[in-house]
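**Student:** Data file input_6.cif (mmCIF, C-alpha atoms) is appended below.
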```cif
data_final
#
loop_
_atom_site.label_atom_id
_atom_site.label_comp_id
_atom_site.auth_asym_id
_atom_site.auth_seq_id
_atom_site.Cartn_x
_atom_site.Cartn_y
_atom_site.Cartn_z
CA MET F 1 70.71 -66.51 34.88
CA THR F 2 70.04 -65.48 38.47
CA THR F 3 66.60 -63.96 38.95
CA MET F 4 65.78 -60.67 40.62
CA GLY F 5 62.74 -58.64 41.60
CA VAL F 6 62.14 -55.31 43.30
CA GLU F 7 59.57 -53.95 45.74
CA GLU F 8 59.37 -50.14 45.75
CA GLU F 9 57.62 -48.31 48.59
CA PHE F 10 56.35 -44.79 47.95
CA LEU F 11 54.85 -42.04 50.08
CA LEU F 12 51.41 -40.87 48.99
CA ALA F 13 51.21 -37.09 49.24
CA HIS F 14 49.17 -34.07 48.25
CA ALA F 15 50.59 -32.87 44.96
CA GLU F 16 51.43 -29.29 45.87
CA SER F 17 52.14 -29.39 49.60
CA GLY F 18 53.94 -32.71 49.80
CA ILE F 19 52.07 -33.51 53.01
CA ALA F 20 51.32 -37.20 53.33
CA ALA F 21 47.82 -38.20 52.19
CA PRO F 22 46.09 -41.27 53.72
CA VAL F 23 44.59 -42.52 50.45
CA ALA F 24 46.15 -45.97 50.06
CA GLU F 25 42.79 -47.74 49.82
CA ASP F 26 41.66 -45.39 47.06
CA VAL F 27 44.89 -46.00 45.17
CA LEU F 28 44.53 -49.78 45.52
CA ARG F 29 41.01 -49.68 44.13
CA ALA F 30 42.05 -47.47 41.22
CA ALA F 31 45.09 -49.59 40.37
CA ALA F 32 43.18 -52.89 40.53
CA ASN F 33 46.47 -54.73 40.07
CA ASP F 34 48.16 -57.31 42.30
CA ALA F 35 51.47 -55.52 41.77
CA VAL F 36 50.22 -52.62 43.91
CA ARG F 37 49.95 -53.44 47.62
CA ARG F 38 49.26 -51.95 51.01
CA GLU F 39 52.07 -50.96 53.31
CA LEU F 40 52.05 -50.27 57.05
CA ARG F 41 50.35 -46.86 56.75
CA GLU F 42 47.50 -45.45 54.69
CA THR F 43 50.02 -42.89 53.44
CA GLN F 44 52.22 -45.54 51.81
CA ILE F 45 51.93 -47.84 48.82
CA GLU F 46 54.14 -50.62 47.46
CA VAL F 47 54.69 -51.58 43.83
CA THR F 48 56.32 -54.89 42.93
CA THR F 49 57.94 -56.19 39.78
CA GLY F 50 57.70 -59.75 38.59
CA ILE F 51 60.61 -62.15 38.38
CA CYS F 52 63.23 -60.71 36.03
CA ARG F 53 66.37 -62.14 34.48
CA THR F 54 67.76 -59.15 32.59
CA ALA F 55 68.40 -55.53 33.41
CA ALA F 56 66.24 -54.44 30.46
CA ASP F 57 63.26 -56.47 31.65
CA LEU F 58 63.58 -55.15 35.20
CA GLU F 59 63.90 -51.56 34.00
CA ASP F 60 60.74 -51.90 31.90
CA GLN F 61 58.82 -53.32 34.85
CA LEU F 62 60.05 -50.60 37.20
CA VAL F 63 58.90 -47.91 34.77
CA ALA F 64 55.53 -49.60 34.27
CA GLY F 65 55.00 -49.97 38.02
CA ARG F 66 55.73 -46.32 38.66
CA GLU F 67 53.42 -45.23 35.86
CA LEU F 68 50.67 -47.49 37.20
CA VAL F 69 50.80 -46.17 40.75
CA ALA F 70 51.09 -42.55 39.59
CA LYS F 71 47.92 -42.86 37.51
CA ALA F 72 46.09 -44.58 40.35
CA ALA F 73 47.19 -41.96 42.89
CA ALA F 74 46.02 -39.15 40.58
CA THR F 75 42.46 -40.42 40.84
CA ALA F 76 42.69 -39.78 44.59
CA GLY F 77 44.19 -36.31 44.12
CA ALA F 78 47.62 -37.50 45.24
CA VAL F 79 51.08 -38.26 43.91
CA PRO F 80 53.49 -41.00 44.93
CA LEU F 81 56.81 -39.55 46.10
CA ALA F 82 60.09 -41.45 45.81
CA THR F 83 61.45 -40.41 49.19
CA GLY F 84 62.52 -42.53 52.13
CA THR F 85 60.78 -40.37 54.73
CA PRO F 86 58.03 -37.73 54.63
CA VAL F 87 59.35 -34.20 54.50
CA TRP F 88 56.49 -32.61 56.43
CA PRO F 89 54.64 -33.76 59.55
CA SER F 90 51.94 -36.29 58.68
CA PRO F 91 48.41 -36.59 60.00
CA PRO F 92 48.11 -39.01 62.94
CA PRO F 93 47.80 -42.60 61.68
CA SER F 94 44.38 -44.18 61.89
CA ALA F 95 43.84 -47.28 63.99
CA SER F 96 45.09 -50.41 62.25
CA SER F 97 43.82 -53.96 62.45
CA GLY F 98 45.31 -57.34 61.71
CA ARG F 99 49.06 -57.64 61.46
CA ALA F 100 49.55 -53.87 61.13
CA GLY F 101 47.58 -53.38 64.33
CA ALA F 102 49.72 -55.97 66.09
CA ILE F 103 52.84 -54.10 64.97
CA ASP F 104 51.44 -50.82 66.30
CA GLU F 105 50.61 -52.41 69.65
CA ARG F 106 53.96 -54.19 69.98
CA TYR F 107 56.29 -51.31 69.09
CA ARG F 108 54.19 -48.32 70.21
CA GLY F 109 56.22 -45.08 70.09
CA VAL F 110 58.90 -46.58 67.86
CA VAL F 111 56.38 -47.05 65.07
CA ASP F 112 54.00 -44.13 65.73
CA ASP F 113 55.75 -41.84 63.24
CA TYR F 114 57.15 -44.59 61.02
CA GLU F 115 56.33 -43.97 57.36
CA ALA F 116 59.74 -45.00 56.07
CA CYS F 117 59.88 -46.20 52.46
CA GLY F 118 62.53 -48.56 51.12
CA CYS F 119 63.65 -50.26 47.95
CA HIS F 120 63.70 -54.01 48.62
CA VAL F 121 65.51 -56.32 46.23
CA HIS F 122 64.94 -60.08 45.96
CA ILE F 123 67.64 -62.28 44.43
CA GLY F 124 66.95 -65.93 43.64
CA VAL F 125 69.05 -68.57 45.40
CA PRO F 126 69.33 -72.33 44.80
CA ASP F 127 68.19 -73.34 48.30
CA ARG F 128 67.84 -71.90 51.79
CA GLU F 129 70.80 -73.77 53.24
CA GLN F 130 73.14 -72.30 50.67
CA ALA F 131 71.43 -68.93 51.08
CA VAL F 132 72.54 -68.74 54.71
CA ALA F 133 76.16 -69.23 53.67
CA VAL F 134 75.70 -66.50 51.05
CA LEU F 135 74.16 -64.19 53.63
CA ASN F 136 77.32 -64.44 55.74
CA HIS F 137 79.35 -63.01 52.85
CA LEU F 138 77.12 -59.96 52.30
CA GLY F 139 77.60 -58.01 55.54
CA PRO F 140 80.74 -56.03 54.66
CA TRP F 141 79.12 -54.59 51.53
CA LEU F 142 75.67 -53.60 52.77
CA PRO F 143 76.73 -50.15 54.07
CA SER F 144 77.93 -49.23 50.58
CA LEU F 145 74.54 -50.15 49.12
CA LEU F 146 73.00 -47.82 51.68
CA ALA F 147 75.51 -45.05 50.95
CA LEU F 148 74.61 -45.19 47.25
CA SER F 149 70.88 -45.06 48.03
CA VAL F 150 70.49 -42.42 50.79
CA ASN F 151 67.29 -40.52 50.02
CA SER F 152 65.68 -39.40 53.28
CA PRO F 153 67.36 -36.31 54.75
CA PHE F 154 64.20 -34.56 56.00
CA GLN F 155 61.75 -35.26 58.79
CA SER F 156 58.93 -32.96 59.94
CA GLY F 157 60.21 -30.08 57.84
CA ARG F 158 63.75 -30.14 59.18
CA ASP F 159 67.05 -31.34 57.81
CA THR F 160 68.13 -34.19 60.09
CA GLY F 161 71.77 -33.96 59.00
CA TYR F 162 71.57 -37.59 57.82
CA GLY F 163 71.47 -38.91 54.29
CA SER F 164 69.14 -41.68 55.43
CA TRP F 165 66.91 -40.78 58.35
CA ARG F 166 64.90 -43.86 57.37
CA MET F 167 67.81 -46.04 58.46
CA VAL F 168 67.99 -44.24 61.80
CA GLN F 169 64.31 -44.96 62.31
CA GLN F 170 64.75 -48.56 61.25
CA SER F 171 67.64 -49.05 63.67
CA ARG F 172 65.28 -48.44 66.59
CA PHE F 173 63.65 -51.82 66.03
CA PRO F 174 65.07 -54.89 67.79
CA GLY F 175 67.54 -56.97 65.84
CA SER F 176 68.12 -54.42 63.10
CA GLY F 177 71.29 -53.94 61.07
CA VAL F 178 73.67 -56.52 59.60
CA ALA F 179 72.59 -60.08 60.35
CA PRO F 180 74.76 -62.17 62.68
CA HIS F 181 76.99 -64.92 61.32
CA PHE F 182 75.10 -68.22 61.07
CA THR F 183 76.63 -71.69 60.82
CA ASP F 184 73.69 -73.17 58.90
CA LEU F 185 69.99 -72.87 58.14
CA GLY F 186 69.03 -74.42 61.47
CA ALA F 187 70.95 -71.72 63.32
CA TYR F 188 69.30 -69.00 61.25
CA GLU F 189 65.78 -70.28 61.73
CA GLY F 190 66.46 -70.98 65.40
CA GLU F 191 67.55 -67.38 65.96
CA VAL F 192 64.42 -66.02 64.27
CA SER F 193 62.26 -68.35 66.36
CA ARG F 194 63.97 -67.22 69.56
CA LEU F 195 63.35 -63.57 68.70
CA VAL F 196 59.67 -64.38 68.15
CA ASP F 197 59.55 -66.31 71.43
CA CYS F 198 61.21 -63.39 73.22
CA GLY F 199 58.40 -61.16 72.00
CA VAL F 200 60.49 -58.74 69.93
CA LEU F 201 59.24 -59.96 66.53
CA ILE F 202 55.59 -60.40 65.59
CA ASP F 203 56.18 -63.66 63.70
CA SER F 204 58.77 -65.61 61.75
CA GLN F 205 58.05 -63.56 58.61
CA MET F 206 59.50 -60.50 60.32
CA SER F 207 63.09 -59.54 60.95
CA PHE F 208 64.82 -56.21 60.65
CA TRP F 209 68.13 -57.41 59.22
CA LEU F 210 69.33 -55.48 56.17
CA ALA F 211 69.66 -58.71 54.23
CA ARG F 212 67.69 -61.82 55.16
CA LEU F 213 66.08 -64.94 53.80
CA SER F 214 62.66 -64.12 52.41
CA GLY F 215 59.82 -65.72 54.31
CA LYS F 216 57.72 -65.94 51.12
CA PHE F 217 60.05 -66.57 48.19
CA PRO F 218 63.20 -68.63 47.45
CA THR F 219 65.27 -65.47 47.60
CA ILE F 220 67.63 -63.38 49.65
CA GLU F 221 65.92 -60.09 50.37
CA PHE F 222 67.98 -56.90 50.55
CA ARG F 223 66.22 -54.29 52.71
CA VAL F 224 69.06 -51.82 53.02
CA ALA F 225 68.26 -49.14 50.44
CA ASP F 226 66.03 -46.10 50.77
CA THR F 227 63.33 -45.82 48.13
CA ALA F 228 65.14 -44.93 44.94
CA GLY F 229 64.75 -41.42 43.61
CA THR F 230 64.95 -42.69 40.03
CA VAL F 231 64.34 -45.91 38.16
CA GLY F 232 68.06 -46.04 37.43
CA GLU F 233 68.92 -45.97 41.11
CA ALA F 234 66.48 -48.82 41.82
CA LEU F 235 67.99 -50.76 38.93
CA LEU F 236 71.47 -50.13 40.32
CA GLN F 237 70.52 -51.60 43.69
CA ALA F 238 69.14 -54.72 42.03
CA LEU F 239 72.13 -55.30 39.77
CA LEU F 240 74.62 -54.81 42.60
CA ALA F 241 72.60 -57.09 44.87
CA ARG F 242 72.54 -59.80 42.21
CA ALA F 243 76.28 -59.44 41.68
CA LEU F 244 76.92 -59.66 45.43
CA VAL F 245 74.90 -62.88 45.67
CA GLY F 246 76.65 -64.31 42.62
CA THR F 247 80.05 -63.45 44.04
CA ALA F 248 79.15 -64.98 47.39
CA LEU F 249 77.84 -68.15 45.73
CA SER F 250 81.18 -68.54 43.98
CA GLU F 251 82.92 -68.26 47.35
CA VAL F 252 80.59 -70.80 48.92
CA VAL F 253 81.01 -73.31 46.09
CA ALA F 254 84.79 -72.90 46.38
CA GLY F 255 84.55 -73.75 50.07
CA ARG F 256 85.57 -70.31 51.32
CA GLU F 257 83.59 -69.42 54.41
CA ALA F 258 82.89 -65.82 55.33
CA SER F 259 84.59 -64.35 58.36
CA ALA F 260 82.32 -63.28 61.19
CA VAL F 261 82.07 -59.51 61.50
CA SER F 262 82.10 -57.46 64.67
CA PRO F 263 78.51 -56.42 65.50
CA GLN F 264 79.74 -53.06 66.81
CA ILE F 265 81.85 -52.32 63.73
CA ALA F 266 78.97 -53.37 61.48
CA ALA F 267 76.64 -51.02 63.37
CA ALA F 268 79.21 -48.23 63.06
CA ALA F 269 79.49 -48.80 59.31
CA VAL F 270 75.71 -48.69 58.83
CA TRP F 271 75.48 -45.54 60.93
CA ALA F 272 78.23 -43.81 58.93
CA ALA F 273 76.54 -44.70 55.65
CA ALA F 274 73.22 -43.35 56.93
CA ARG F 275 74.86 -40.18 58.21
CA TYR F 276 77.07 -39.25 55.27
CA GLY F 277 76.00 -41.30 52.26
CA LEU F 278 78.79 -41.10 49.67
CA ASP F 279 79.90 -37.64 50.77
CA GLY F 280 82.02 -38.36 53.80
CA PRO F 281 83.76 -40.97 55.92
CA GLY F 282 82.71 -44.57 56.07
CA VAL F 283 83.77 -47.64 58.00
CA ASP F 284 85.37 -50.70 56.42
CA ILE F 285 83.75 -53.66 58.18
CA ARG F 286 86.47 -55.99 56.91
CA THR F 287 89.26 -54.14 58.71
CA GLY F 288 87.36 -52.21 61.36
CA SER F 289 88.93 -48.98 60.19
CA PRO F 290 87.70 -45.68 58.72
CA LYS F 291 87.71 -45.25 54.96
CA ALA F 292 86.05 -42.77 52.61
CA ALA F 293 82.56 -43.90 51.64
CA ALA F 294 83.24 -43.23 47.94
CA LEU F 295 86.31 -45.47 48.09
CA LEU F 296 84.31 -48.25 49.74
CA ALA F 297 81.74 -48.00 46.95
CA ALA F 298 84.55 -48.26 44.38
CA GLU F 299 85.87 -51.36 46.16
CA LEU F 300 82.40 -52.87 46.00
CA LEU F 301 82.49 -52.58 42.22
CA VAL F 302 85.88 -54.28 42.09
CA HIS F 303 84.59 -57.06 44.36
CA VAL F 304 81.60 -57.88 42.15
CA ARG F 305 83.13 -57.14 38.75
CA PRO F 306 83.33 -60.80 37.59
CA ALA F 307 79.67 -61.37 38.48
CA LEU F 308 78.65 -58.16 36.69
CA GLU F 309 80.57 -59.27 33.62
CA GLU F 310 78.93 -62.70 33.74
CA HIS F 311 75.47 -61.13 33.56
CA GLY F 312 76.49 -58.48 31.02
CA ASP F 313 75.76 -55.71 33.54
CA LEU F 314 79.19 -54.15 34.05
CA ALA F 315 78.91 -51.23 31.61
CA LEU F 316 75.41 -50.34 32.78
CA VAL F 317 76.36 -50.46 36.47
CA LYS F 318 79.37 -48.22 35.83
CA GLN F 319 77.10 -45.77 34.03
CA LEU F 320 74.56 -45.79 36.86
CA VAL F 321 77.20 -45.31 39.55
CA GLU F 322 78.73 -42.44 37.61
CA GLY F 323 75.26 -40.92 37.43
CA VAL F 324 74.92 -41.01 41.22
CA HIS F 325 78.31 -39.34 41.62
CA HIS F 326 77.51 -36.72 38.98
CA HIS F 327 73.94 -35.85 39.99
CA GLY F 328 74.29 -36.65 43.67
CA THR F 329 72.43 -39.11 45.83
CA GLY F 330 68.73 -38.62 46.39
CA ALA F 331 69.51 -36.99 49.73
CA ARG F 332 71.78 -34.43 48.10
CA ARG F 333 69.20 -33.66 45.43
CA GLN F 334 66.49 -33.24 48.06
CA ARG F 335 68.66 -30.80 49.99
CA GLU F 336 69.37 -28.80 46.86
CA ALA F 337 65.63 -28.56 46.19
CA GLY F 338 64.81 -27.73 49.82
CA PRO F 339 61.79 -29.10 51.71
CA ALA F 340 59.33 -27.05 49.66
CA GLY F 341 60.71 -28.46 46.40
CA VAL F 342 60.77 -32.14 47.29
CA ALA F 343 57.12 -32.73 46.39
CA ARG F 344 57.88 -31.76 42.79
CA LEU F 345 61.40 -33.20 42.58
CA MET F 346 60.56 -36.72 43.78
CA ARG F 347 57.32 -37.41 41.88
CA VAL F 348 57.73 -40.87 40.42
CA ARG F 349 55.90 -40.04 37.15
CA GLU F 350 58.35 -37.27 36.31
CA VAL F 351 61.45 -39.41 36.86
CA THR F 352 63.18 -40.62 33.72
CA ARG F 353 64.36 -44.16 33.28
CA ARG F 354 67.87 -43.27 34.32
#
```
Do you think you could lay out the structure here as structure tokens?
**Tutor:**
Amino acid sequence: MTTMGVEEEFLLAHAESGIAAPVAEDVLRAAANDAVRRELRETQIEVTTGICRTAADLEDQLVAGRELVAKAAATAGAVPLATGTPVWPSPPPSASSGRAGAIDERYRGVVDDYEACGCHVHIGVPDREQAVAVLNHLGPWLPSLLALSVNSPFQSGRDTGYGSWRMVQQSRFPGSGVAPHFTDLGAYEGEVSRLVDCGVLIDSQMSFWLARLSGKFPTIEFRVADTAGTVGEALLQALLARALVGTALSEVVAGREASAVSPQIAAAAVWAAARYGLDGPGVDIRTGSPKAAALLAAELLVHVRPALEEHGDLALVKQLVEGVHHHGTGARRQREAGPAGVARLMRVREVTRR
């Protein structure tokens, strides 16, 4: 059974105000667990699951990780918030060293106010060569993963008008968005090396593509989703990502190569998903034409249905998708609560499993 794992990034905030709190080091010491890690800013924390093979195992680990970081944050007088961007203006970031300092120096104003939090999904693949072929098949479906996950409508106390302001911020970095079409692993690695040589990436471990080969693990890493408002929404991203990889692997084994996508149409599709989420128009990368975002999400489910059935995940994924439609995306729920209510709405400890 194909393996999966999830990295969840959370904003550390003062419990009542929701203003970001630079207490990551305190949280790390209190957690004393390798599953809890530093992120770019002192106001962020990351929690990772282990390698999982079943939805039940992943769900248990997601719940445990959220409980762990919530308890650790409480010792520092803070709460972790499951939001893709901070609602209120944050204190100026302190000077960073090491790799984080290099990122600050390289990207300057682009990264000065960057506290974006995402839900990153790792899916195991047989080998890196085959993973590149799989990656080529994923592009048309990534905007729908984003549309399902939008959870960052606010920035500095204002409604940006976007479902995912995090994605807008991420798109400012060089080489962001849907990865180009690659003929083989050599072409992929050569492109990453060229971007490093050109000075737009810090090192070969960094790229801003929404799906990429992991530099650390034998996985494809999906970096498209905002931090999930609920455990169920994180689980949904993982199960859909695994089904997309499984579907693509079937295509690759059958000798069916993916068609190259237009970079401009792909960028338009990502922008539309960030702007409207599920509640408006989208762009079909396959045809280069407009289509309702909700319809594109439904087509995604049809596309991956055999893979979902193979893993026994179909009924659960249908339930989770229906939940997003019924309760609204994280962005819609944040807007209904208003900026003052987000600090209570998005606390990870108070979120149920689904």
**Student:** Can you list, as a list in words, every protein, DNA or RNA residue that comes within 9 Å of Pro93 (chain F) when you count all atoms listed in the file, leaving out same-chain residues fewer than 6 positions away?
**Tutor:** Pro22, Arg41, Glu42, Thr43, Asp112 and Asp113 of chain F
**Student:** For each of F:Thr83, F:Ala225, F:Thr48, F:Trp165, take the minimum atom-to-atom distance to Gly18 (chain F), counting all atoms listed in the file, then give the residue where this is smallest.
**Tutor:**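 Of the candidates, the smallest distance to Gly18 (chain F) is held by F:Thr83.
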**Student:** Restricting the calculation to only C-alpha atoms, which member of F:Val87, F:Ala13, F:Ala72, F:Ala294 is positioned closest to Thr160 (chain F)?
**Tutor:**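 Of the candidates, the smallest distance to Thr160 (chain F) is held by F:Val87.
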**Student:** Please evaluate the PyMOL selection byres ((chain F and resi 190-204) around 8) against the displayed coordinates and give the resulting residues as a PyMOL selection string.
**Tutor:** chain F and resi 102-103+106+174+186-189+205-207+215
**Student:** Would you please work out which residue, of F:His120, F:His14, F:Arg29, F:Arg347, is nearest to Ser149 (chain F) when using only C-alpha atoms?
**Tutor:** F:His120
